[in-house]
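Novice: Contents of input-v1.cif (mmCIF, C-alpha atoms and all ligand atoms) are given next:
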```
data_final
#
loop_
_atom_site.group_PDB
_atom_site.id
_atom_site.type_symbol
_atom_site.label_atom_id
_atom_site.label_comp_id
_atom_site.auth_asym_id
_atom_site.auth_seq_id
_atom_site.Cartn_x
_atom_site.Cartn_y
_atom_site.Cartn_z
ATOM 1 C CA MET A 1 -25.846 -36.319 -32.930
ATOM 2 C CA THR A 2 -25.684 -32.608 -32.026
ATOM 3 C CA GLU A 3 -22.724 -31.206 -30.134
ATOM 4 C CA ALA A 4 -24.987 -30.361 -27.196
ATOM 5 C CA PHE A 5 -26.279 -33.932 -26.995
ATOM 6 C CA GLU A 6 -22.750 -35.337 -27.167
ATOM 7 C CA LEU A 7 -21.706 -33.068 -24.300
ATOM 8 C CA PHE A 8 -24.791 -33.980 -22.238
ATOM 9 C CA SER A 9 -24.308 -37.714 -22.698
ATOM 10 C CA SER A 10 -20.607 -37.583 -21.874
ATOM 11 C CA LEU A 11 -21.369 -35.629 -18.660
ATOM 12 C CA SER A 12 -24.244 -37.856 -17.616
ATOM 13 C CA THR A 13 -22.323 -41.115 -18.050
ATOM 14 C CA SER A 14 -19.253 -39.853 -16.190
ATOM 15 C CA SER A 15 -18.781 -41.357 -12.701
ATOM 16 C CA GLU A 16 -17.247 -38.035 -11.486
ATOM 17 C CA PRO A 17 -19.686 -35.765 -9.628
ATOM 18 C CA ILE A 18 -20.301 -32.592 -11.631
ATOM 19 C CA THR A 19 -19.316 -29.707 -9.365
ATOM 20 C CA ASP A 20 -19.817 -26.124 -10.348
ATOM 21 C CA LEU A 21 -16.751 -24.265 -9.074
ATOM 22 C CA ARG A 22 -18.909 -21.171 -8.524
ATOM 23 C CA ARG A 23 -20.765 -22.992 -5.715
ATOM 24 C CA GLN A 24 -17.535 -23.789 -3.843
ATOM 25 C CA PRO A 25 -16.662 -21.769 -0.724
ATOM 26 C CA ILE A 26 -14.167 -18.951 -0.413
ATOM 27 C CA GLY A 27 -11.435 -20.007 2.044
ATOM 28 C CA VAL A 28 -10.462 -17.449 4.687
ATOM 29 C CA PHE A 29 -7.697 -17.895 7.256
ATOM 30 C CA ASP A 30 -6.011 -16.209 10.178
ATOM 31 C CA SER A 31 -4.165 -17.295 13.305
ATOM 32 C CA GLY A 32 -7.273 -16.682 15.455
ATOM 33 C CA VAL A 33 -10.282 -14.370 15.742
ATOM 34 C CA GLY A 34 -8.664 -11.521 13.758
ATOM 35 C CA GLY A 35 -9.877 -12.876 10.436
ATOM 36 C CA LEU A 36 -13.457 -12.621 11.679
ATOM 37 C CA THR A 37 -13.182 -8.919 10.763
ATOM 38 C CA VAL A 38 -12.749 -10.121 7.161
ATOM 39 C CA LEU A 39 -15.519 -12.700 7.525
ATOM 40 C CA ARG A 40 -17.843 -9.919 8.746
ATOM 41 C CA GLU A 41 -17.101 -7.950 5.572
ATOM 42 C CA LEU A 42 -17.642 -11.014 3.397
ATOM 43 C CA TYR A 43 -21.090 -11.466 4.964
ATOM 44 C CA ARG A 44 -21.827 -7.779 4.310
ATOM 45 C CA GLN A 45 -20.501 -7.416 0.772
ATOM 46 C CA LEU A 46 -20.850 -10.969 -0.610
ATOM 47 C CA PRO A 47 -23.792 -12.513 1.250
ATOM 48 C CA GLN A 48 -24.397 -15.074 -1.484
ATOM 49 C CA GLU A 49 -20.987 -16.751 -1.058
ATOM 50 C CA SER A 50 -20.295 -19.884 1.022
ATOM 51 C CA LEU A 51 -17.327 -19.467 3.364
ATOM 52 C CA LEU A 52 -14.764 -21.713 5.027
ATOM 53 C CA TYR A 53 -12.940 -20.086 7.957
ATOM 54 C CA LEU A 54 -9.726 -21.571 9.333
ATOM 55 C CA ALA A 55 -8.127 -20.271 12.530
ATOM 56 C CA ASP A 56 -4.634 -21.675 13.008
ATOM 57 C CA THR A 57 -5.005 -21.362 16.767
ATOM 58 C CA ALA A 58 -2.480 -24.109 17.553
ATOM 59 C CA ARG A 59 0.229 -21.694 16.346
ATOM 60 C CA LEU A 60 -1.221 -18.382 17.505
ATOM 61 C CA PRO A 61 0.198 -15.738 17.649
ATOM 62 C CA TYR A 62 1.915 -15.470 14.283
ATOM 63 C CA GLY A 63 3.494 -12.221 15.491
ATOM 64 C CA THR A 64 6.157 -14.129 17.426
ATOM 65 C CA LYS A 65 7.077 -16.457 14.542
ATOM 66 C CA SER A 66 9.967 -16.277 12.070
ATOM 67 C CA PRO A 67 9.375 -15.500 8.368
ATOM 68 C CA GLU A 68 10.287 -19.136 7.517
ATOM 69 C CA GLU A 69 7.637 -20.448 9.902
ATOM 70 C CA ILE A 70 5.008 -18.040 8.595
ATOM 71 C CA ILE A 71 5.710 -19.128 5.001
ATOM 72 C CA GLN A 72 5.483 -22.798 6.005
ATOM 73 C CA PHE A 73 2.154 -22.203 7.807
ATOM 74 C CA SER A 74 0.721 -20.553 4.678
ATOM 75 C CA ARG A 75 1.870 -23.455 2.513
ATOM 76 C CA GLU A 76 0.195 -25.970 4.808
ATOM 77 C CA ILE A 77 -3.000 -23.931 4.982
ATOM 78 C CA LEU A 78 -3.182 -23.469 1.203
ATOM 79 C CA THR A 79 -2.569 -27.189 0.672
ATOM 80 C CA TRP A 80 -5.477 -27.911 3.030
ATOM 81 C CA MET A 81 -7.697 -25.254 1.463
ATOM 82 C CA VAL A 82 -7.109 -26.769 -1.986
ATOM 83 C CA GLN A 83 -8.073 -30.201 -0.586
ATOM 84 C CA GLN A 84 -11.324 -28.615 0.664
ATOM 85 C CA GLN A 85 -11.939 -27.447 -2.924
ATOM 86 C CA VAL A 86 -12.244 -23.747 -2.209
ATOM 87 C CA LYS A 87 -12.517 -21.515 -5.279
ATOM 88 C CA MET A 88 -10.418 -18.672 -3.825
ATOM 89 C CA VAL A 89 -8.373 -18.014 -0.675
ATOM 90 C CA VAL A 90 -8.397 -14.716 1.197
ATOM 91 C CA PHE A 91 -5.422 -14.234 3.509
ATOM 92 C CA ALA A 92 -7.300 -12.659 6.447
ATOM 93 C CA CYS A 93 -3.957 -12.215 8.184
ATOM 94 C CA ASN A 94 -1.632 -9.298 7.502
ATOM 95 C CA THR A 95 1.393 -11.148 8.821
ATOM 96 C CA SER A 96 0.921 -13.929 6.250
ATOM 97 C CA SER A 97 0.027 -11.372 3.565
ATOM 98 C CA ALA A 98 3.234 -9.414 4.253
ATOM 99 C CA ILE A 99 5.625 -12.348 4.597
ATOM 100 C CA ALA A 100 4.233 -15.321 2.668
ATOM 101 C CA LEU A 101 1.783 -14.270 -0.041
ATOM 102 C CA ASP A 102 4.292 -13.346 -2.740
ATOM 103 C CA VAL A 103 6.359 -16.476 -2.027
ATOM 104 C CA VAL A 104 3.526 -19.019 -2.081
ATOM 105 C CA ARG A 105 1.159 -17.507 -4.672
ATOM 106 C CA SER A 106 2.855 -19.195 -7.620
ATOM 107 C CA GLU A 107 2.925 -22.604 -5.871
ATOM 108 C CA PHE A 108 -0.875 -23.028 -5.975
ATOM 109 C CA GLU A 109 -3.428 -22.774 -8.754
ATOM 110 C CA VAL A 110 -6.201 -21.347 -6.604
ATOM 111 C CA PRO A 111 -6.540 -17.525 -6.762
ATOM 112 C CA VAL A 112 -5.239 -15.910 -3.540
ATOM 113 C CA LEU A 113 -5.769 -12.395 -2.212
ATOM 114 C CA GLY A 114 -3.942 -10.503 0.534
ATOM 115 C CA LEU A 115 -4.686 -7.428 2.600
ATOM 116 C CA ILE A 116 -1.738 -5.120 1.957
ATOM 117 C CA LEU A 117 -2.332 -3.746 -1.550
ATOM 118 C CA PRO A 118 -6.081 -3.121 -1.143
ATOM 119 C CA ALA A 119 -5.410 -1.413 2.212
ATOM 120 C CA VAL A 120 -2.637 0.835 0.914
ATOM 121 C CA LYS A 121 -4.678 1.818 -2.146
ATOM 122 C CA ALA A 122 -7.569 2.802 0.129
ATOM 123 C CA ALA A 123 -5.279 4.711 2.511
ATOM 124 C CA LEU A 124 -3.749 6.705 -0.339
ATOM 125 C CA ARG A 125 -7.231 7.839 -1.346
ATOM 126 C CA GLU A 126 -7.558 9.346 2.158
ATOM 127 C CA GLY A 127 -4.195 10.873 2.965
ATOM 128 C CA LYS A 128 -0.476 11.333 2.425
ATOM 129 C CA ARG A 129 0.814 10.783 5.987
ATOM 130 C CA ILE A 130 -0.115 7.238 6.851
ATOM 131 C CA GLY A 131 0.486 5.362 10.089
ATOM 132 C CA THR A 132 0.286 1.568 10.178
ATOM 133 C CA ILE A 133 -0.048 -0.479 13.346
ATOM 134 C CA ALA A 134 0.873 -4.133 12.842
ATOM 135 C CA THR A 135 2.519 -7.231 14.276
ATOM 136 C CA ILE A 136 6.306 -7.128 14.608
ATOM 137 C CA PRO A 137 6.959 -9.352 11.525
ATOM 138 C CA THR A 138 4.606 -7.227 9.399
ATOM 139 C CA ALA A 139 6.211 -3.972 10.578
ATOM 140 C CA GLN A 140 9.725 -5.358 10.056
ATOM 141 C CA SER A 141 8.895 -6.582 6.550
ATOM 142 C CA HIS A 142 8.069 -2.961 5.518
ATOM 143 C CA ALA A 143 5.504 -4.466 3.132
ATOM 144 C CA TYR A 144 3.159 -1.548 3.790
ATOM 145 C CA ARG A 145 5.865 1.099 3.338
ATOM 146 C CA GLN A 146 7.087 -0.471 0.096
ATOM 147 C CA ALA A 147 3.580 -0.745 -1.333
ATOM 148 C CA ALA A 148 2.891 2.920 -0.551
ATOM 149 C CA ALA A 149 6.230 4.048 -2.024
ATOM 150 C CA GLU A 150 5.471 2.171 -5.247
ATOM 151 C CA MET A 151 1.947 3.548 -5.562
ATOM 152 C CA ASP A 152 2.656 7.144 -4.548
ATOM 153 C CA PRO A 153 6.271 8.248 -3.971
ATOM 154 C CA THR A 154 5.038 11.552 -2.496
ATOM 155 C CA ALA A 155 3.233 9.803 0.375
ATOM 156 C CA ARG A 156 4.880 8.923 3.706
ATOM 157 C CA LEU A 157 4.055 5.746 5.642
ATOM 158 C CA TRP A 158 5.307 4.747 9.100
ATOM 159 C CA GLU A 159 4.915 1.280 10.636
ATOM 160 C CA VAL A 160 4.755 0.493 14.346
ATOM 161 C CA GLY A 161 4.887 -3.029 15.787
ATOM 162 C CA CYS A 162 2.290 -3.609 18.534
ATOM 163 C CA PRO A 163 3.135 -6.985 20.133
ATOM 164 C CA GLU A 164 0.648 -6.665 23.019
ATOM 165 C CA PHE A 165 -2.476 -6.199 20.933
ATOM 166 C CA VAL A 166 -3.086 -9.771 19.703
ATOM 167 C CA PRO A 167 -2.721 -11.301 23.214
ATOM 168 C CA ILE A 168 -5.126 -8.612 24.487
ATOM 169 C CA VAL A 169 -7.761 -9.472 21.857
ATOM 170 C CA GLU A 170 -7.332 -13.244 22.153
ATOM 171 C CA GLY A 171 -7.248 -13.001 25.953
ATOM 172 C CA ASP A 172 -10.448 -10.934 26.017
ATOM 173 C CA ARG A 173 -8.734 -8.022 27.818
ATOM 174 C CA ILE A 174 -9.954 -5.257 25.507
ATOM 175 C CA ASP A 175 -11.806 -3.474 28.297
ATOM 176 C CA ALA A 176 -8.954 -3.772 30.848
ATOM 177 C CA PRO A 177 -7.757 -0.330 32.042
ATOM 178 C CA GLU A 178 -4.127 -0.942 30.989
ATOM 179 C CA THR A 179 -5.181 -1.549 27.370
ATOM 180 C CA VAL A 180 -5.727 2.183 26.828
ATOM 181 C CA GLU A 181 -2.205 2.972 28.063
ATOM 182 C CA ILE A 182 -0.680 0.279 25.879
ATOM 183 C CA ALA A 183 -2.573 1.635 22.861
ATOM 184 C CA ARG A 184 -1.450 5.176 23.650
ATOM 185 C CA SER A 185 2.200 4.089 23.768
ATOM 186 C CA TYR A 186 1.913 2.466 20.312
ATOM 187 C CA LEU A 187 0.056 5.403 18.754
ATOM 188 C CA ASN A 188 2.170 8.248 20.170
ATOM 189 C CA PRO A 189 5.116 7.869 17.744
ATOM 190 C CA LEU A 190 2.641 8.004 14.861
ATOM 191 C CA LEU A 191 0.764 10.980 16.281
ATOM 192 C CA ASP A 192 4.145 12.762 16.633
ATOM 193 C CA ARG A 193 4.423 12.372 12.835
ATOM 194 C CA GLN A 194 1.034 14.049 12.444
ATOM 195 C CA ILE A 195 -0.522 11.219 10.511
ATOM 196 C CA ASP A 196 -3.772 11.889 8.678
ATOM 197 C CA THR A 197 -4.650 8.194 8.128
ATOM 198 C CA LEU A 198 -4.232 5.055 10.259
ATOM 199 C CA ILE A 199 -4.212 1.536 8.807
ATOM 200 C CA TYR A 200 -5.214 -1.375 11.021
ATOM 201 C CA GLY A 201 -2.314 -3.509 9.760
ATOM 202 C CA CYS A 202 -3.427 -6.622 11.670
ATOM 203 C CA THR A 203 -6.894 -8.102 11.383
ATOM 204 C CA HIS A 204 -7.148 -8.406 15.162
ATOM 205 C CA TYR A 205 -6.894 -4.641 15.638
ATOM 206 C CA PRO A 206 -10.318 -3.486 14.383
ATOM 207 C CA HIS A 207 -11.607 -5.438 17.422
ATOM 208 C CA LEU A 208 -9.788 -2.722 19.445
ATOM 209 C CA ALA A 209 -11.413 0.195 17.603
ATOM 210 C CA SER A 210 -13.327 1.281 20.729
ATOM 211 C CA VAL A 211 -9.953 1.779 22.484
ATOM 212 C CA ILE A 212 -7.886 3.120 19.577
ATOM 213 C CA GLU A 213 -10.229 5.573 17.881
ATOM 214 C CA PRO A 214 -10.865 7.842 20.909
ATOM 215 C CA LEU A 215 -7.058 8.326 21.148
ATOM 216 C CA LEU A 216 -6.818 9.761 17.614
ATOM 217 C CA PRO A 217 -7.083 13.481 16.888
ATOM 218 C CA PRO A 218 -10.196 14.475 14.948
ATOM 219 C CA GLY A 219 -9.650 14.163 11.221
ATOM 220 C CA VAL A 220 -7.443 11.037 11.329
ATOM 221 C CA ARG A 221 -9.172 8.445 9.128
ATOM 222 C CA CYS A 222 -8.972 4.728 9.972
ATOM 223 C CA ILE A 223 -8.601 2.107 7.278
ATOM 224 C CA ASP A 224 -9.846 -1.405 7.971
ATOM 225 C CA PRO A 225 -8.188 -3.531 5.249
ATOM 226 C CA ALA A 226 -11.011 -6.087 5.548
ATOM 227 C CA VAL A 227 -13.377 -3.733 3.714
ATOM 228 C CA HIS A 228 -10.972 -3.331 0.829
ATOM 229 C CA VAL A 229 -9.774 -6.925 0.454
ATOM 230 C CA VAL A 230 -13.404 -7.998 0.159
ATOM 231 C CA GLU A 231 -14.025 -5.334 -2.498
ATOM 232 C CA ALA A 232 -11.015 -6.776 -4.356
ATOM 233 C CA ALA A 233 -12.350 -10.327 -3.900
ATOM 234 C CA ALA A 234 -15.737 -9.312 -5.306
ATOM 235 C CA LYS A 235 -14.054 -7.815 -8.361
ATOM 236 C CA GLU A 236 -11.851 -10.884 -8.857
ATOM 237 C CA LEU A 237 -14.791 -13.295 -8.582
ATOM 238 C CA GLY A 238 -16.554 -11.275 -11.281
ATOM 239 C CA ILE A 239 -13.516 -11.306 -13.591
ATOM 240 C CA LEU A 240 -13.047 -15.069 -13.109
ATOM 241 C CA ASN A 241 -16.790 -15.737 -13.491
ATOM 242 C CA LEU A 242 -16.774 -17.412 -10.072
ATOM 243 C CA ARG A 243 -19.678 -15.639 -8.334
ATOM 244 C CA ASN A 244 -22.118 -18.002 -6.644
ATOM 245 C CA SER A 245 -25.737 -17.661 -7.683
ATOM 246 C CA TYR A 246 -27.073 -20.531 -5.537
ATOM 247 C CA PRO A 247 -28.109 -20.175 -1.873
ATOM 248 C CA PRO A 248 -24.915 -20.146 0.266
ATOM 249 C CA LEU A 249 -24.065 -23.013 2.618
ATOM 250 C CA PRO A 250 -23.635 -22.287 6.359
ATOM 251 C CA THR A 251 -20.100 -21.096 7.140
ATOM 252 C CA ARG A 252 -17.766 -23.917 8.106
ATOM 253 C CA PHE A 253 -15.455 -22.968 11.023
ATOM 254 C CA CYS A 254 -12.251 -24.957 11.560
ATOM 255 C CA VAL A 255 -9.364 -24.633 14.011
ATOM 256 C CA THR A 256 -6.031 -26.340 14.486
ATOM 257 C CA GLY A 257 -6.142 -25.902 18.280
ATOM 258 C CA ASP A 258 -8.823 -26.108 20.944
ATOM 259 C CA ARG A 259 -12.359 -26.066 19.523
ATOM 260 C CA HIS A 260 -14.151 -24.842 22.613
ATOM 261 C CA ALA A 261 -11.787 -21.940 23.290
ATOM 262 C CA PHE A 262 -12.374 -20.636 19.762
ATOM 263 C CA GLU A 263 -16.141 -21.198 19.966
ATOM 264 C CA GLU A 264 -16.296 -18.994 23.040
ATOM 265 C CA ARG A 265 -14.020 -16.248 21.713
ATOM 266 C CA ALA A 266 -15.626 -16.127 18.295
ATOM 267 C CA ALA A 267 -19.133 -15.875 19.767
ATOM 268 C CA ARG A 268 -18.347 -12.353 21.000
ATOM 269 C CA TRP A 269 -17.618 -11.162 17.466
ATOM 270 C CA LEU A 270 -20.127 -13.253 15.536
ATOM 271 C CA GLY A 271 -23.075 -12.670 17.842
ATOM 272 C CA CYS A 272 -23.758 -16.417 17.926
ATOM 273 C CA GLN A 273 -21.761 -19.474 18.954
ATOM 274 C CA PRO A 274 -20.331 -21.223 15.871
ATOM 275 C CA GLN A 275 -20.010 -25.000 15.533
ATOM 276 C CA VAL A 276 -16.263 -25.552 15.195
ATOM 277 C CA GLU A 277 -14.316 -28.534 13.814
ATOM 278 C CA ARG A 278 -10.730 -29.349 14.740
ATOM 279 C CA VAL A 279 -8.600 -30.172 11.702
ATOM 280 C CA VAL A 280 -5.060 -31.387 11.129
ATOM 281 C CA LEU A 281 -3.174 -29.592 8.392
ATOM 282 C CA PRO A 282 -1.280 -31.674 5.836
ATOM 283 C CA GLU A 283 2.400 -31.265 5.296
ATOM 284 C CA PHE A 284 3.252 -29.216 2.241
ATOM 285 C CA ASP A 285 4.762 -31.465 -0.403
ATOM 286 C CA ARG A 286 7.322 -29.720 -2.547
ATOM 287 C CA THR A 287 8.104 -32.656 -4.837
ATOM 288 C CA PRO A 288 6.883 -31.965 -8.375
ATOM 289 C CA ALA A 289 3.954 -34.164 -9.507
HETATM 290 N N1 LIG B 1 -4.358 -11.319 12.659
HETATM 291 C C1 LIG B 1 -3.087 -11.590 12.111
HETATM 292 C C2 LIG B 1 -2.559 -10.409 11.344
HETATM 293 O O1 LIG B 1 -3.353 -9.769 10.698
HETATM 294 C C3 LIG B 1 -2.117 -12.384 12.955
HETATM 295 C C4 LIG B 1 -1.813 -11.860 14.289
HETATM 296 C C5 LIG B 1 -0.970 -12.812 15.139
HETATM 297 O O2 LIG B 1 -1.311 -13.989 15.203
HETATM 298 O O3 LIG B 1 0.017 -12.357 15.724
HETATM 299 O O4 LIG B 1 -1.394 -10.129 11.303
#
```
The structure given in the file should be rewritten as C-alpha cells.

Specialist:
Amino acid sequence: MTEAFELFSSLSTSSEPITDLRRQPIGVFDSGVGGLTVLRELYRQLPQESLLYLADTARLPYGTKSPEEIIQFSREILTWMVQQQVKMVVFACNTSSAIALDVVRSEFEVPVLGLILPAVKAALREGKRIGTIATIPTAQSHAYRQAAAEMDPTARLWEVGCPEFVPIVEGDRIDAPETVEIARSYLNPLLDRQIDTLIYGCTHYPHLASVIEPLLPPGVRCIDPAVHVVEAAAKELGILNLRNSYPPLPTRFCVTGDRHAFEERAARWLGCQPQVERVVLPEFDRTPA
C-alpha cells in the first residue's frame, strides 16, 4: 500500500469531519459599531475571506471599564471565538488591543492581531509629531506612546482621551451641532503641539472623519489603524498558509446585547441591514486541561 493510499483511507474512514482550517472565518470583535471600520477594510483587502463579527454591545462602552474588566471581556470573547473555530482573531478594538492583547495572547492557540503596532508603524512612516485620539483607558495605558518610543526614539507622540466620541457614534449624533465643538476641544491640545500626523486610536472614530478632518490644518495626515491591521493580517495569513481559496461565506454578525439596535446602527455603515444573532459568551476557564 502506498503512503498516499494509507493517508486517504485513514481520512475517509474517520468519523471526524475533515475541515480545512483555511476555509474557517477570521473573527473580528469590538464593543459596538467601531469594528465595522476594520470589517470594511477586510472586505476591501481580503475579499476572499469569511468573517465573523462580534459586537459586545451588552458591555458597551469599553471606555468606561477598568483594565481588569477589559481583560476579562477579551478572555471570554477569545474563548467563544475559539469555540466558533475561527482561524485568526483581529482585535478591532483599540481599548482591548492596548489593555488586554499582551496579557491574553499566550492563553490561546489561535493567532491574534491588535491595532496598536500596525498603526504606530504606519504613523512613523508619515511623521515625527504624532497625535493620538483614543478612549480614556487606551490613552491612560500609553500603549501608543510606548510603541512609538520603542520604534523611533526621535519621534514624539501625544495621547488624548475623548470620552464623548463613542456615545456620539453609537447614539447616531455625528451630525449634531455640538459634535464639532466637542471634537475641537479634544483636538486643540494636539494642534497646540503642532502635530503632523493624527492616529484614530479608537475604531469608532473614523466614523467621525467628516467632523474631525475639516478641523485639522492642511498637511496633517490621518492614520486609520484598520487599514494597517488588515495589511498585517494578510501578511500573517500568508506566512501561516491560512489564506482561503474557496468562495467566502456570508459574514456572520453576532451581538451580546440587543439585536435590533445593532442591526439598525450597523446598517448606516454597511449600506445594508445585517442579519444579527444574539449570543451568550462563555466564562473563561483558567483551570489547566
Ligand atoms: N471601538 C473601541 C476602541 O477602539 C471601543 C470603544 C468603547 O467601547 O469605548 O477602543

Novice: With only C-alpha atoms as the counted atoms, please give the residues lying no more than 8 Å from region 64-81 of chain A, apart from itself and same-chain residues fewer than 2 positions off, as a compact mmCIF listing (two decimals) with C-alpha atoms, keeping the file's coordinate frame.

Specialist:
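After the write, around-v9.txt holds the following:
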```
# COMPACT_ATOMS: atom_id res chain seq x y z
CA GLY A 27 -11.44 -20.01 2.04
CA PHE A 29 -7.70 -17.90 7.26
CA PRO A 61 0.20 -15.74 17.65
CA TYR A 62 1.92 -15.47 14.28
CA GLN A 83 -8.07 -30.20 -0.59
CA GLN A 84 -11.32 -28.62 0.66
CA GLN A 85 -11.94 -27.45 -2.92
CA VAL A 86 -12.24 -23.75 -2.21
CA VAL A 89 -8.37 -18.01 -0.68
CA THR A 95 1.39 -11.15 8.82
CA SER A 96 0.92 -13.93 6.25
CA ILE A 99 5.62 -12.35 4.60
CA ALA A 100 4.23 -15.32 2.67
CA LEU A 101 1.78 -14.27 -0.04
CA VAL A 103 6.36 -16.48 -2.03
CA VAL A 104 3.53 -19.02 -2.08
CA PHE A 108 -0.88 -23.03 -5.98
CA ILE A 136 6.31 -7.13 14.61
CA PRO A 137 6.96 -9.35 11.52
CA LEU A 281 -3.17 -29.59 8.39
CA PRO A 282 -1.28 -31.67 5.84
CA GLU A 283 2.40 -31.26 5.30
CA PHE A 284 3.25 -29.22 2.24
```

Novice: For Leu270 (chain A), list every protein, DNA or RNA residue within 12 Å, evaluated using only C-alpha atoms, and leave out those in the same chain fewer than 2 positions away; present the list as a PyMOL selection string.

Specialist: chain A and resi 33-41+43+207+251+253+262-268+272-275

Novice: Please check which protein, DNA or RNA residues sit within 6 Å of ligand LIG 1 (chain B), counting only C-alpha atoms and all ligand atoms, and write them as a list in words.

Specialist: Asp30, Ser31, Gly34, Leu60, Pro61, Tyr62, Gly63, Cys93, Asn94, Thr95, Thr135, Val166, Cys202, Thr203 and His204 of chain A

Novice: Compile the contact shell of region 216-218 of chain A as a PDB file with C-alpha atoms, in the frame of the given file: residues with an atom at most 12 Å away, counting all atoms listed in the file, same-chain residues fewer than 5 positions apart removed.

Specialist:
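Here's the written file selection_1.pdb:
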```pdb
ATOM      1  CA  GLY A 131       0.486   5.362  10.089  1.00  0.00           C
ATOM      2  CA  VAL A 180      -5.727   2.183  26.828  1.00  0.00           C
ATOM      3  CA  ALA A 183      -2.573   1.635  22.861  1.00  0.00           C
ATOM      4  CA  ARG A 184      -1.450   5.176  23.650  1.00  0.00           C
ATOM      5  CA  TYR A 186       1.913   2.466  20.312  1.00  0.00           C
ATOM      6  CA  LEU A 187       0.056   5.403  18.754  1.00  0.00           C
ATOM      7  CA  ASN A 188       2.170   8.248  20.170  1.00  0.00           C
ATOM      8  CA  LEU A 190       2.641   8.004  14.861  1.00  0.00           C
ATOM      9  CA  LEU A 191       0.764  10.980  16.281  1.00  0.00           C
ATOM     10  CA  ASP A 192       4.145  12.762  16.633  1.00  0.00           C
ATOM     11  CA  GLN A 194       1.034  14.049  12.444  1.00  0.00           C
ATOM     12  CA  ILE A 195      -0.522  11.219  10.511  1.00  0.00           C
ATOM     13  CA  ASP A 196      -3.772  11.889   8.678  1.00  0.00           C
ATOM     14  CA  THR A 197      -4.650   8.194   8.128  1.00  0.00           C
ATOM     15  CA  LEU A 198      -4.232   5.055  10.259  1.00  0.00           C
ATOM     16  CA  ALA A 209     -11.413   0.195  17.603  1.00  0.00           C
ATOM     17  CA  SER A 210     -13.327   1.281  20.729  1.00  0.00           C
ATOM     18  CA  VAL A 211      -9.953   1.779  22.484  1.00  0.00           C
TER      19      VAL A 211
END
```

Novice: For a quick check of understanding, using all atoms listed in the file, which of A:Ser185, A:Gln146, A:Gln140, A:Ser245 has the smallest distance to Gly161 (chain A)?

Specialist: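 Looking only at the distances to Gly161 (chain A), the closest residue turns out to be A:Gln140.
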
Novice: Quick one: residues within 10 Å of Leu124 (chain A), only C-alpha atoms counted, chain neighbours fewer than 6 positions away excluded, as a ChimeraX atom specification?

Specialist: /A:130,148,151-152,155-157,197

Novice: Please produce a file of the residues just selected, as a compact mmCIF listing (two decimals), in the coordinates of the input, where the atoms kept are C-alpha atoms.

Specialist:
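Result saved to out01.txt:
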```
# COMPACT_ATOMS: atom_id res chain seq x y z
CA ILE A 130 -0.12 7.24 6.85
CA ALA A 148 2.89 2.92 -0.55
CA MET A 151 1.95 3.55 -5.56
CA ASP A 152 2.66 7.14 -4.55
CA ALA A 155 3.23 9.80 0.38
CA ARG A 156 4.88 8.92 3.71
CA LEU A 157 4.06 5.75 5.64
CA THR A 197 -4.65 8.19 8.13
```

Novice: Would you compute the distance between CA of Gln45 (chain A) and CA of Leu21 (chain A)? Give it in Å to one decimal.

Specialist: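 A separation of 19.9 Å between them.
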
Novice: To one decimal place in Å, what is the distance between CA of Glu231 (chain A) and CA of Tyr53 (chain A)?

Specialist: 18.1 Å

Novice: What's around Pro47 (chain A) at 12 Å? Count all atoms listed in the file, leave out sequence neighbours fewer than 5 positions away in its own chain, and write the answer as number ranges by chain.

Specialist: A: 25-26, 39-42, 230, 234, 243-251
